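Q: There's a structure below that I have some questions on.
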Amino acid sequence: METVECVVVGAGVVGLACARALALAGREVVLLEAALAIGTETSSRNSEVVHAGLYYPQASVKAQSCVSGRHRLYAYCEARGIAHRRCGKLVVACDEGEVARLDALYANGLANGVEGLDRLGAAAVAGLEPALRCRAALLSRETGIVDSHGYMLALRGDFEDAGGMIAFGTTVVGGEIGADGVMLRARDAAGVETRLLAKTVVTSAGLHADRLLEGLDGFPAMHRPQLSYAKGSYFTYAGRSPFRHLVYPVPEAAGLGVHITIDLGGQLRFGPDVEWVDSPLDYAVDPARADGFYAAVRRYWPALPDGTIQPGYAGIRPKLGLRGEPARDFLIQGPETHGIAGLVNLLGIESPGLTASLDLADRVAACIAKD
């Protein structure tokens, strides 16, 4: 059995940020990743949006880590030359019933400390984006887009430069809690199993967090997460974008609604919608879902032409709780919760996890420092 000071499980954007923070603090860190590359699941199957912090309940981890993480992410990208753009976004209310919800969103954003917010009437919106039709909108100037892969590559570079090691193709298949630390059983692509004893373990396993903790002998059953899988499909637009801003509807209970984003290359895409699935690996996009996309987008862009959208890609979010329940907060589960020294679990990390990643990493590092 090999011994290591720290193990981080999962090389998505948050796992990479956590591994980097620990390595920069002078710890010996091994990062285990089941895939053969970084960020192959939730971290790379999203809208690549830098969120401002509008949506999340006041004083929640999501709200705090999003606002703080946004500042840090923009600064990090500027310092490292990572492609990004503060393009801003418009959240649009299409009928009178949505206007009150838009006003509540505006008040929530201000309470969360979000800068650069303006409430706009229909005429002002038409001046910014003539193709849009709505009753009112909320302009968020600090919302942007980022090259998520370039960002993850930079995190990986920092981690390895600080002495960290990544083991790709290595799946944690079980383990147990012991007096000397946490023992993990890891299996490589050839089926060879290794046992690692670590004083500190950070699990950032995303869609697989529930199964990882189920296989960890001695971990209290009451603290195992119940995950539901919310699949979101994206469709791309075969034409030139008429928009300069991202465009979002007023949010829904299970997500932010089918919205319009523009990538750094100028490509317009729509999504995600919400489809509850049983498998965390079901990434197929059903072309028949296009009808729902046309209907959703034409509420605020009525001139969207027929035959101009096609299936793009899909992502899956790990939702804490049962299907259809209101979104829960990020859960950073440390020793003060489950009673196991040296173990920190990141659970239910979905949007705005990309934006919040550097802040979440510092929270994990602080949790470990206290233990």
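Note on naming: chains are A, B, ... as they come in the structure tokens, residues start from 1 per chain, ligands start from 1 in the order shown.
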Compile the contact shell of stretch 81-93 of chain A as a list in words: residues with an atom at most 8 Å away, counting only C-alpha atoms, same-chain residues fewer than 6 positions apart removed.
A: Tyr74, Val99, Leu102, Cys134, Arg135, Ala136, Ala137, Leu138, Leu139, Ser140, Arg141, Glu142, Thr143, Gly144, Ile145, Val146, Asp147, Gly150, Tyr151, Arg244, His245, Leu246, Val247, Tyr248, Pro249, Val250, Leu264 and Tyr300 of chain A
Q: Could you pull the residues within 7 Å of A:Ser204, counting only C-alpha atoms, minus those fewer than 6 positions along the same chain, as a PyMOL selection string?
A: chain A and resi 9-10+14-15+345-346
Q: Could those selected residues go to a file with C-alpha atoms, as a CSV table (one decimal), in the first residue's frame?
A:
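What ended up in result.csv:
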chain,number,residue,atom,x,y,z
A,9,VAL,CA,-10.6,12.5,-6.7
A,10,GLY,CA,-11.9,14.0,-10.0
A,14,VAL,CA,-13.4,22.2,-9.3
A,15,GLY,CA,-11.2,19.2,-8.6
A,345,ASN,CA,-16.6,15.9,-0.1
A,346,LEU,CA,-17.9,18.4,-2.8
Q: Excluding A:Pro225 and any residue of its chain fewer than 5 positions from it, enumerate the residues within 8 Å of it, using only C-alpha atoms, and give them as a PyMOL selection string.
A: chain A and resi 209-210+320-321+347
Q: Among stretch 256-335 of chain A, which ones does DSSP place in alpha helix (DSSP H), written as JSON, numbers by chain?
A: {"A": [290, 291, 292, 293, 294, 295, 296, 297, 298, 335]}
Q: List as a CSV table (one decimal) with C-alpha atoms, in the first residue's frame the protein and nucleic acid residues near A:Gly307, meaning an atom at most 12 Å away when only C-alpha atoms are counted, but skip any in the same chain fewer than 4 places from it.
A:
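Writing done, so here's part15.csv:
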chain,number,residue,atom,x,y,z
A,235,PHE,CA,-28.6,23.1,-30.3
A,236,THR,CA,-26.5,25.2,-32.6
A,237,TYR,CA,-27.6,27.9,-35.0
A,238,ALA,CA,-26.7,27.8,-38.7
A,239,GLY,CA,-26.4,31.4,-39.3
A,287,PRO,CA,-33.2,15.9,-32.8
A,290,ALA,CA,-35.8,20.9,-31.6
A,291,ASP,CA,-39.5,21.7,-31.6
A,293,PHE,CA,-36.3,24.8,-28.6
A,294,TYR,CA,-38.0,26.7,-31.4
A,311,PRO,CA,-28.3,19.1,-32.4
Q: Closest to A:Gly169 among A:Val50, A:Ala35, A:Leu216, A:Ala104, using only C-alpha atoms?
A: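 Nearest to A:Gly169: A:Ala35.
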Q: May I have all residues of stretch 49-229 of chain A that DSSP, computed from the backbone, assigns to strand (DSSP E or B), given as a count of residues only?
A: 56
Q: Could you pull the residues within 10 Å of A:Arg328, counting only C-alpha atoms, minus those fewer than 6 positions along the same chain, as an MDAnalysis selection string?
A: chainID A and resid 56:57 60 62 319:321 348:349
Q: Could the residues in this selection be written to a file with C-alpha atoms, as a short mmCIF file (atom, residue, chain, number, x, y, z; two decimals), in the first residue's frame?
A:
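What ended up in again04.cif:
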data_model
loop_
_atom_site.label_atom_id
_atom_site.label_comp_id
_atom_site.auth_asym_id
_atom_site.auth_seq_id
_atom_site.Cartn_x
_atom_site.Cartn_y
_atom_site.Cartn_z
CA TYR A 56 -28.84 32.09 -5.91
CA PRO A 57 -30.38 32.55 -2.45
CA SER A 60 -25.87 30.68 0.16
CA LYS A 62 -23.63 29.37 -4.43
CA LYS A 319 -28.60 17.62 -8.64
CA LEU A 320 -28.80 17.03 -4.91
CA GLY A 321 -32.19 15.61 -3.97
CA GLY A 348 -24.03 18.83 -5.99
CA ILE A 349 -21.49 21.03 -7.78
#
Q: Would you please work out which residue, of A:Leu31, A:Val114, A:Asp158, A:Glu275, is nearest to A:Gln58 when using only C-alpha atoms?
A: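 With only C-alpha atoms as the atom set, the closest residue is A:Val114.
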Q: Would you mind listing what lies within 12 Å of A:Gly312 as a list in words, with only C-alpha atoms counted and same-chain residues fewer than 4 positions away left out?
A: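 The filter keeps Arg45, Asn46, Ser47, Gly232, Ser233, Tyr234, Phe235, Thr236, Tyr237, Ala238, Gln267, Leu268, Arg269, Phe270, Gly271, Pro272, Tyr283, Ala284, Val285, Asp286, Pro287, Arg289 and Ala290 of chain A.
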Q: Just the number, please: distance in Å from atom CA of A:Met165 to atom CA of A:Val29, one decimal.
A: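 So the answer is 6.6 Å.
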Q: Measuring atom to atom with only C-alpha atoms, identify which of A:Ala221, A:Arg240, A:Ala179, A:Thr40 is nearest to A:Thr308.
A: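 Selected residue with least distance to A:Thr308: A:Arg240.
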Q: Using only C-alpha atoms, find the one residue out of A:Glu350, A:Glu252, A:Asp359, A:Asp161 that sits nearest to A:Arg101.
A: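 Ranked by minimum distance to A:Arg101, first place goes to A:Glu252.
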Q: Show me, as a ChimeraX atom specification, the residues that have an atom within 6 Å of A:Val173 when counting only C-alpha atoms, minus same-chain residues fewer than 2 positions from it.
A: /A:171,185-186
Q: Based on the selection just made, write N, CA and C atoms of those residues as a short mmCIF file (atom, residue, chain, number, x, y, z; two decimals), in the first residue's frame.
A:
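Output below, filename out.cif:
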data_model
loop_
_atom_site.label_atom_id
_atom_site.label_comp_id
_atom_site.auth_asym_id
_atom_site.auth_seq_id
_atom_site.Cartn_x
_atom_site.Cartn_y
_atom_site.Cartn_z
N THR A 171 -9.69 4.78 -11.67
CA THR A 171 -11.01 4.86 -11.06
C THR A 171 -10.96 4.40 -9.62
N ARG A 185 -9.02 2.35 -2.84
CA ARG A 185 -8.65 1.34 -3.82
C ARG A 185 -8.90 1.92 -5.21
N ALA A 186 -7.84 2.04 -6.00
CA ALA A 186 -7.93 2.64 -7.33
C ALA A 186 -7.51 1.63 -8.38
#
Q: Rounded to one decimal place, report the atom CA of A:Leu105-atom CA of A:Ala52 distance in Å.
A: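 One can read the atom CA of A:Leu105 to atom CA of A:Ala52 distance as 12.1 Å.
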Q: Find the residue from A:Ser357, A:Thr261, A:Ser351, A:Ser241 that sits nearest to A:Leu304; use only C-alpha atoms when measuring.
A: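 Closest to A:Leu304 of all the choices is A:Ser241.
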